[in-house]
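Data from work.tsv: TSV, C-alpha atoms
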chain	number	residue	atom	x	y	z
D	1	MET	CA	-14.46	-62.54	40.51
D	2	THR	CA	-12.79	-64.26	37.60
D	3	ASN	CA	-9.41	-65.45	36.48
D	4	GLN	CA	-10.23	-65.79	32.78
D	5	GLN	CA	-7.83	-64.48	30.17
D	6	VAL	CA	-8.70	-61.65	27.80
D	7	ALA	CA	-6.64	-59.87	25.17
D	8	VAL	CA	-6.46	-56.21	24.24
D	9	LEU	CA	-4.72	-55.41	20.96
D	10	GLY	CA	-3.30	-51.89	21.10
D	11	ALA	CA	-1.85	-50.15	24.16
D	12	GLY	CA	-2.68	-46.63	22.99
D	13	ILE	CA	-5.26	-44.09	24.15
D	14	MET	CA	-8.14	-46.56	24.35
D	15	GLY	CA	-6.34	-49.88	24.70
D	16	HIS	CA	-4.55	-49.23	27.98
D	17	GLY	CA	-7.80	-48.06	29.58
D	18	ILE	CA	-9.66	-51.18	28.44
D	19	ALA	CA	-6.83	-53.37	29.72
D	20	GLN	CA	-7.00	-51.61	33.08
D	21	LEU	CA	-10.74	-52.28	33.33
D	22	TYR	CA	-10.31	-56.01	32.87
D	23	ALA	CA	-7.33	-56.14	35.23
D	24	MET	CA	-9.31	-54.35	37.94
D	25	ALA	CA	-12.01	-57.03	37.57
D	26	ASN	CA	-9.33	-59.71	38.09
D	27	TYR	CA	-9.12	-60.90	34.50
D	28	GLN	CA	-5.70	-61.95	33.24
D	29	VAL	CA	-5.03	-59.40	30.50
D	30	ALA	CA	-2.69	-59.96	27.58
D	31	LEU	CA	-1.90	-56.43	26.35
D	32	TYR	CA	-0.47	-56.49	22.83
D	33	ASP	CA	1.31	-53.83	20.82
D	34	ILE	CA	3.94	-53.88	18.10
D	35	SER	CA	6.71	-52.37	20.23
D	36	HIS	CA	7.94	-52.56	23.80
D	37	ASP	CA	8.03	-48.75	23.88
D	38	ALA	CA	4.28	-48.57	23.17
D	39	LEU	CA	3.62	-51.20	25.82
D	40	ASN	CA	5.75	-49.37	28.40
D	41	LYS	CA	3.87	-46.14	27.73
D	42	GLY	CA	0.56	-47.96	28.11
D	43	ILE	CA	1.59	-49.53	31.41
D	44	HIS	CA	2.78	-46.13	32.67
D	45	HIS	CA	-0.64	-44.63	31.91
D	46	ILE	CA	-2.30	-47.50	33.77
D	47	GLN	CA	-0.05	-46.96	36.79
D	48	GLU	CA	-0.89	-43.25	36.90
D	49	SER	CA	-4.60	-43.94	36.50
D	50	LEU	CA	-4.61	-46.49	39.32
D	51	LYS	CA	-3.03	-43.87	41.58
D	52	HIS	CA	-5.97	-41.57	40.82
D	53	PHE	CA	-8.45	-44.38	41.58
D	54	SER	CA	-6.68	-44.90	44.90
D	55	THR	CA	-6.60	-41.17	45.73
D	56	ILE	CA	-10.37	-40.93	45.26
D	57	GLY	CA	-10.94	-44.07	47.33
D	58	LEU	CA	-12.25	-46.29	44.54
D	59	ILE	CA	-9.52	-48.88	45.13
D	60	ALA	CA	-7.28	-49.58	48.11
D	61	PRO	CA	-3.63	-48.57	47.61
D	62	GLU	CA	-2.48	-52.11	48.37
D	63	LYS	CA	-4.56	-53.41	45.43
D	64	ILE	CA	-2.52	-51.56	42.81
D	65	SER	CA	0.30	-54.09	42.64
D	66	SER	CA	-2.06	-57.05	42.22
D	67	ILE	CA	-4.01	-55.24	39.49
D	68	LEU	CA	-0.80	-54.50	37.61
D	69	ALA	CA	0.22	-58.15	38.02
D	70	ASN	CA	-2.91	-59.11	36.06
D	71	ILE	CA	-1.56	-57.34	32.96
D	72	HIS	CA	0.86	-59.21	30.72
D	73	PRO	CA	2.44	-57.07	27.98
D	74	THR	CA	3.46	-58.86	24.80
D	75	THR	CA	4.51	-58.16	21.21
D	76	SER	CA	3.21	-61.56	20.08
D	77	ILE	CA	-0.37	-61.77	18.84
D	78	GLU	CA	-0.25	-65.55	19.14
D	79	GLU	CA	0.72	-65.29	22.80
D	80	ALA	CA	-1.94	-62.64	23.42
D	81	VAL	CA	-4.98	-64.34	21.91
D	82	THR	CA	-4.48	-68.11	22.20
D	83	GLU	CA	-6.19	-68.47	25.60
D	84	ALA	CA	-8.41	-65.37	25.48
D	85	VAL	CA	-12.18	-65.62	25.88
D	86	ILE	CA	-12.65	-62.16	24.36
D	87	ILE	CA	-10.21	-60.23	22.20
D	88	THR	CA	-10.67	-56.46	21.97
D	89	GLU	CA	-9.13	-54.76	18.95
D	90	ALA	CA	-8.20	-51.18	19.85
D	91	ALA	CA	-6.00	-50.35	16.86
D	92	PRO	CA	-6.01	-47.06	14.89
D	93	GLU	CA	-9.00	-46.47	12.61
D	94	ILE	CA	-7.34	-47.90	9.49
D	95	LEU	CA	-9.47	-50.58	7.85
D	96	SER	CA	-6.59	-52.53	6.30
D	97	LEU	CA	-4.83	-52.64	9.67
D	98	LYS	CA	-7.92	-53.98	11.39
D	99	TYR	CA	-8.42	-56.63	8.69
D	100	ASP	CA	-4.82	-57.75	9.14
D	101	LEU	CA	-5.30	-58.05	12.90
D	102	PHE	CA	-8.54	-59.99	12.45
D	103	LYS	CA	-6.77	-62.46	10.16
D	104	GLN	CA	-4.04	-63.03	12.74
D	105	ILE	CA	-6.55	-63.32	15.57
D	106	GLU	CA	-8.51	-66.02	13.77
D	107	GLN	CA	-5.30	-67.87	13.02
D	108	PHE	CA	-4.43	-68.28	16.70
D	109	ALA	CA	-7.56	-67.71	18.82
D	110	SER	CA	-9.98	-70.31	20.09
D	111	ILE	CA	-13.02	-70.82	17.87
D	112	ASP	CA	-15.18	-69.87	20.87
D	113	ALA	CA	-13.39	-66.58	21.52
D	114	ILE	CA	-15.34	-63.40	20.90
D	115	ILE	CA	-13.67	-60.84	18.66
D	116	ALA	CA	-14.65	-57.27	19.57
D	117	SER	CA	-13.65	-54.05	17.83
D	118	ASN	CA	-13.52	-50.72	19.64
D	119	THR	CA	-14.12	-48.85	16.39
D	120	SER	CA	-15.85	-45.49	16.52
D	121	SER	CA	-16.23	-44.94	12.78
D	122	PHE	CA	-16.59	-48.17	10.78
D	123	ALA	CA	-19.91	-49.91	10.14
D	124	VAL	CA	-20.14	-53.32	11.75
D	125	GLU	CA	-20.91	-55.08	8.46
D	126	LYS	CA	-17.87	-53.47	6.82
D	127	LEU	CA	-15.62	-54.66	9.62
D	128	ALA	CA	-17.21	-58.11	9.54
D	129	GLU	CA	-16.02	-58.51	5.96
D	130	GLY	CA	-12.58	-59.10	7.45
D	131	ILE	CA	-13.82	-61.87	9.75
D	132	GLN	CA	-14.21	-65.50	8.69
D	133	HIS	CA	-16.39	-66.53	11.65
D	134	LYS	CA	-18.74	-63.54	11.69
D	135	GLU	CA	-21.00	-65.10	14.30
D	136	ARG	CA	-18.47	-64.26	17.02
D	137	PHE	CA	-17.75	-60.68	15.92
D	138	VAL	CA	-19.14	-57.60	17.69
D	139	ILE	CA	-18.36	-53.95	18.24
D	140	THR	CA	-17.74	-52.84	21.82
D	141	HIS	CA	-17.35	-49.07	21.62
D	142	PHE	CA	-15.76	-47.65	24.77
D	143	PHE	CA	-15.40	-43.94	25.51
D	144	ASN	CA	-12.24	-42.08	26.49
D	145	PRO	CA	-10.99	-42.41	29.17
D	146	ALA	CA	-12.16	-46.01	28.86
D	147	GLN	CA	-11.26	-46.93	32.43
D	148	ILE	CA	-13.57	-44.22	33.76
D	149	VAL	CA	-16.47	-43.40	31.41
D	150	PRO	CA	-19.14	-46.06	32.09
D	151	LEU	CA	-20.72	-46.37	28.64
D	152	VAL	CA	-20.02	-49.19	26.19
D	153	GLU	CA	-22.06	-49.41	22.99
D	154	ILE	CA	-22.50	-53.00	21.75
D	155	LEU	CA	-23.44	-53.90	18.20
D	156	GLY	CA	-23.49	-57.23	16.39
D	157	ASN	CA	-23.46	-57.96	12.67
D	158	HIS	CA	-26.18	-59.84	10.81
D	159	GLN	CA	-24.69	-63.20	11.85
D	160	THR	CA	-24.13	-62.41	15.54
D	161	PRO	CA	-26.58	-64.47	17.63
D	162	LYS	CA	-28.37	-63.01	20.63
D	163	GLU	CA	-26.46	-65.41	22.88
D	164	VAL	CA	-23.16	-63.77	21.93
D	165	LEU	CA	-24.55	-60.26	22.47
D	166	ASP	CA	-25.89	-61.32	25.86
D	167	ARG	CA	-22.52	-62.81	26.77
D	168	VAL	CA	-20.70	-59.62	25.79
D	169	LYS	CA	-23.18	-57.51	27.74
D	170	GLN	CA	-22.61	-59.64	30.83
D	171	MET	CA	-18.84	-59.29	30.46
D	172	MET	CA	-19.15	-55.51	30.20
D	173	GLN	CA	-21.26	-55.46	33.36
D	174	ALA	CA	-18.62	-57.64	35.05
D	175	ILE	CA	-16.05	-54.88	34.48
D	176	ASP	CA	-18.46	-52.26	35.87
D	177	LYS	CA	-19.51	-50.73	32.55
D	178	GLU	CA	-23.02	-49.61	31.55
D	179	PRO	CA	-23.60	-51.37	28.21
D	180	VAL	CA	-26.27	-50.47	25.69
D	181	VAL	CA	-27.05	-52.84	22.83
D	182	LEU	CA	-27.95	-51.20	19.53
D	183	LEU	CA	-30.85	-52.72	17.59
D	184	LYS	CA	-29.47	-51.61	14.23
D	185	ASP	CA	-26.30	-50.09	12.79
D	186	LYS	CA	-26.10	-46.33	12.35
D	187	PRO	CA	-22.98	-44.24	11.60
D	188	GLY	CA	-21.66	-42.91	14.90
D	189	PHE	CA	-23.90	-45.32	16.85
D	190	ILE	CA	-25.83	-43.44	19.57
D	191	ALA	CA	-23.55	-41.29	21.69
D	192	ASN	CA	-21.30	-39.94	18.94
D	193	ARG	CA	-24.31	-38.94	16.83
D	194	LEU	CA	-25.73	-36.95	19.73
D	195	GLN	CA	-22.31	-35.56	20.60
D	196	ALA	CA	-21.63	-34.55	16.99
D	197	ALA	CA	-24.95	-32.70	16.75
D	198	LEU	CA	-24.13	-30.73	19.90
D	199	ALA	CA	-20.54	-30.06	18.80
D	200	ARG	CA	-21.70	-28.76	15.42
D	201	GLU	CA	-24.03	-26.27	17.07
D	202	ALA	CA	-21.40	-25.24	19.65
D	203	LEU	CA	-18.78	-24.60	16.95
D	204	SER	CA	-21.35	-22.66	14.94
D	205	LEU	CA	-22.18	-20.44	17.93
D	206	LEU	CA	-18.48	-19.80	18.44
D	207	GLU	CA	-17.89	-18.89	14.80
D	208	GLU	CA	-20.93	-16.59	14.74
D	209	GLY	CA	-19.61	-14.75	17.80
D	210	VAL	CA	-22.67	-15.52	19.91
D	211	ALA	CA	-20.42	-16.17	22.92
D	212	ASP	CA	-16.81	-17.02	23.71
D	213	ALA	CA	-15.58	-20.60	24.08
D	214	HIS	CA	-15.63	-20.61	27.87
D	215	SER	CA	-19.22	-19.34	27.98
D	216	ILE	CA	-20.38	-21.95	25.48
D	217	ASP	CA	-18.70	-24.74	27.45
D	218	THR	CA	-20.14	-23.41	30.73
D	219	ALA	CA	-23.62	-23.27	29.22
D	220	ILE	CA	-23.41	-27.05	28.89
D	221	THR	CA	-21.45	-28.09	31.99
D	222	ALA	CA	-23.57	-25.90	34.28
D	223	GLY	CA	-26.82	-26.50	32.37
D	224	PRO	CA	-27.95	-29.55	30.38
D	225	GLY	CA	-24.71	-31.42	31.11
D	226	PHE	CA	-25.40	-31.15	34.85
D	227	ARG	CA	-28.72	-32.95	34.33
D	228	TRP	CA	-27.42	-35.45	31.79
D	229	ALA	CA	-25.19	-37.14	34.37
D	230	PHE	CA	-28.40	-38.62	35.79
D	231	ILE	CA	-31.21	-38.25	33.25
D	232	GLY	CA	-30.81	-38.39	29.48
D	233	PRO	CA	-32.37	-36.12	26.83
D	234	LEU	CA	-35.49	-38.25	26.36
D	235	GLU	CA	-36.28	-38.44	30.07
D	236	THR	CA	-35.50	-34.72	30.29
D	237	ALA	CA	-38.15	-34.16	27.62
D	238	ASP	CA	-40.66	-36.16	29.66
D	239	PHE	CA	-39.94	-34.07	32.74
D	240	GLY	CA	-40.15	-30.83	30.78
D	241	GLY	CA	-43.38	-31.83	29.07
D	242	LEU	CA	-43.59	-33.22	25.55
D	243	ASP	CA	-45.94	-30.41	24.54
D	244	THR	CA	-43.30	-27.88	25.59
D	245	TRP	CA	-40.51	-29.75	23.81
D	246	ALA	CA	-42.58	-30.09	20.66
D	247	ARG	CA	-42.93	-26.30	20.54
D	248	VAL	CA	-39.25	-25.74	21.39
D	249	ILE	CA	-38.14	-28.00	18.55
D	250	GLU	CA	-40.55	-26.44	16.08
D	251	ASN	CA	-39.35	-22.95	17.01
D	252	LEU	CA	-35.62	-23.71	17.10
D	253	ALA	CA	-35.17	-26.33	14.38
D	254	PRO	CA	-35.29	-23.84	11.48
D	255	THR	CA	-32.51	-21.79	13.11
D	256	LEU	CA	-30.12	-24.64	13.94
D	257	ASN	CA	-26.92	-25.24	12.01
D	258	LYS	CA	-27.43	-27.80	9.25
D	259	SER	CA	-23.99	-27.69	7.65
D	260	GLU	CA	-22.41	-30.96	6.54
D	261	HIS	CA	-18.92	-29.50	6.97
D	262	ALA	CA	-16.86	-28.19	9.87
D	263	PRO	CA	-16.93	-24.39	10.35
D	264	GLN	CA	-14.24	-22.48	8.46
D	265	SER	CA	-12.68	-21.20	11.68
D	266	ILE	CA	-12.08	-24.77	12.81
D	267	THR	CA	-10.69	-26.01	9.49
D	268	GLU	CA	-8.30	-23.04	9.51
D	269	LEU	CA	-7.02	-24.08	12.94
D	270	VAL	CA	-6.56	-27.64	11.68
D	271	HIS	CA	-4.61	-26.44	8.64
D	272	LYS	CA	-2.35	-24.44	10.97
D	273	GLY	CA	-1.67	-27.55	13.02
D	274	ALA	CA	-3.59	-26.23	16.03
D	275	LEU	CA	-5.33	-29.51	16.86
D	276	GLY	CA	-6.06	-28.98	20.54
D	277	VAL	CA	-4.39	-30.52	23.58
D	278	LYS	CA	-2.09	-32.78	21.56
D	279	THR	CA	-0.44	-29.80	19.85
D	280	GLY	CA	-0.72	-27.28	22.69
D	281	ALA	CA	-3.22	-25.06	20.89
D	282	GLY	CA	-6.72	-25.35	19.50
D	283	ILE	CA	-9.87	-23.52	20.54
D	284	TYR	CA	-7.99	-22.88	23.79
D	285	SER	CA	-4.23	-22.48	24.34
D	286	TYR	CA	-2.18	-24.84	26.51
D	287	THR	CA	1.28	-25.23	27.98
D	288	PRO	CA	2.88	-28.62	28.74
D	289	ASP	CA	2.24	-28.06	32.45
D	290	SER	CA	-1.36	-27.00	31.93
D	291	ILE	CA	-2.03	-30.06	29.75
D	292	ALA	CA	-0.73	-32.38	32.46
D	293	ASN	CA	-2.66	-30.55	35.17
D	294	LYS	CA	-5.90	-30.36	33.20
D	295	THR	CA	-5.72	-34.03	32.23
D	296	THR	CA	-5.14	-35.08	35.82
D	297	GLN	CA	-7.91	-32.82	37.11
D	298	ARG	CA	-10.28	-34.04	34.39
D	299	ASP	CA	-9.75	-37.67	35.37
D	300	ILE	CA	-10.03	-36.95	39.10
D	301	ASN	CA	-13.28	-35.04	38.56
D	302	PHE	CA	-14.64	-37.91	36.46
D	303	LEU	CA	-13.69	-40.36	39.21
D	304	LYS	CA	-15.39	-38.20	41.83
D	305	LEU	CA	-18.55	-38.27	39.72
D	306	MET	CA	-18.21	-42.04	39.34
D	307	LYS	CA	-17.90	-42.43	43.11
D	308	LEU	CA	-20.91	-40.18	43.67
D	309	LYS	CA	-23.07	-42.11	41.22
D	310	GLN	CA	-22.02	-45.41	42.77
D	311	SER	CA	-22.98	-44.12	46.23
D	312	ILE	CA	-26.40	-43.03	44.96
D	313	GLU	CA	-27.19	-46.11	42.91
Go through the file and emit its structure as structure tokens.
Amino acid sequence: MTNQQVAVLGAGIMGHGIAQLYAMANYQVALYDISHDALNKGIHHIQESLKHFSTIGLIAPEKISSILANIHPTTSIEEAVTEAVIITEAAPEILSLKYDLFKQIEQFASIDAIIASNTSSFAVEKLAEGIQHKERFVITHFFNPAQIVPLVEILGNHQTPKEVLDRVKQMMQAIDKEPVVLLKDKPGFIANRLQAALAREALSLLEEGVADAHSIDTAITAGPGFRWAFIGPLETADFGGLDTWARVIENLAPTLNKSEHAPQSITELVHKGALGVKTGAGIYSYTPDSIANKTTQRDINFLKLMKLKQSIE
């Protein structure tokens, strides 16, 4: 257990989950955002999430108050980063905004503090252009909901020494994440590239009328997705036989969607403002009550899977 201080900049969708992770591992967490309203919303999400952790039995109910006491909301970057050993930037994907935050971080943070970005879209070298001391800059890409999904992708820039990457990896393990360190930069890193390839094919099947949305989703959750919780696609290929998979790829590859653009049916939904859960309509339709219920059930199911995997491993 630790009592070190960390900082999370941004209390939004990703930031509050990352802050919760550190707080659960007994770090003192400075959670920064530009407004008290944003901070209050972030703390509320953390409170609700901790209740789910308690319901599933992953934390004792009496631990909730002490975990929350580890989180210190602030609207001052100086206050947030001055004593932090690692500073996680979880701001919106706007390059100029991130550069501005980096400048402020370096103004107030210790020279030994690690600066980590949770970006999902910017190349590490592009982000590093906004950092004076590049040797301490890394990407730590969490997945939503960050407090539940185990994966963190770690990537350094050309000046990041192995010692810093090792230190970051150890910190991720200390907050019960499963870190993977990329050997080179690639747009989308690992998981989002694989996810995007699958999403493109799923959307194509939907647009072509091969099956309805529920059937396409079920084909994954009850099929490959069931296996992927424990063995990845490469190990799956080994189990299936590389000779078999070589033939499958040769037979299917010519028929797979190769478009570099989203399907027309999806772009039409976007133009109509049907963006999914956040607008109440997308590929599926939602009501305010169903959104709340589905989100809660999603997180509880994820936590049940987490508990199962922990009991097995």
### Query
Which one is closest to Leu31 (chain D): D:Asp238, D:Glu129, D:Glu78, D:Asp217? Count only C-alpha atoms.
D:Glu78
### Message
I'd like the contact shell of Lys51 (chain D) - 12 Å cut-off, only C-alpha atoms, skipping same-chain residues fewer than 3 positions apart - returned as a ChimeraX atom specification.
### Response
/D:44-48,54-65,67-68,296,299-300,303
### Task
Identify which of the residues D:Ser49, D:Thr140, D:Ser259, D:Gln147 lies closest to Ala19 (chain D), counting all atoms listed in the file when measuring atom-to-atom distances.
D:Gln147
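The two atoms in question, CA of Gly130 (chain D) and CA of Tyr99 (chain D), are spaced 5.0 Å apart.
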### Message
Show me, as a ChimeraX atom specification, the residues that have an atom within 9 Å of Phe102 (chain D) when counting all atoms listed in the file, minus same-chain residues fewer than 6 positions from it.
### Response
/D:89,115,130-132
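Taking CA of Ala30 (chain D) and CA of His72 (chain D) as the two end points, the separation is 4.8 Å.
Among the candidates D:Phe189, D:Thr74, D:Trp228, D:Glu83, the residue lying nearest to Asn3 (chain D) is D:Glu83 (atoms considered: all atoms listed in the file).
We find CA of Glu125 (chain D) and CA of Asn144 (chain D) to be spaced 23.9 Å apart.
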With all atoms of region 252-261 of chain D from the file as input, state the centre and edge lengths in Å to one decimal of the axis-aligned box that has 6 Å extra on each side, as JSON.
{"center_x": -27.3, "center_y": -26.4, "center_z": 11.8, "size_x": 28.7, "size_y": 21.2, "size_z": 22.6}
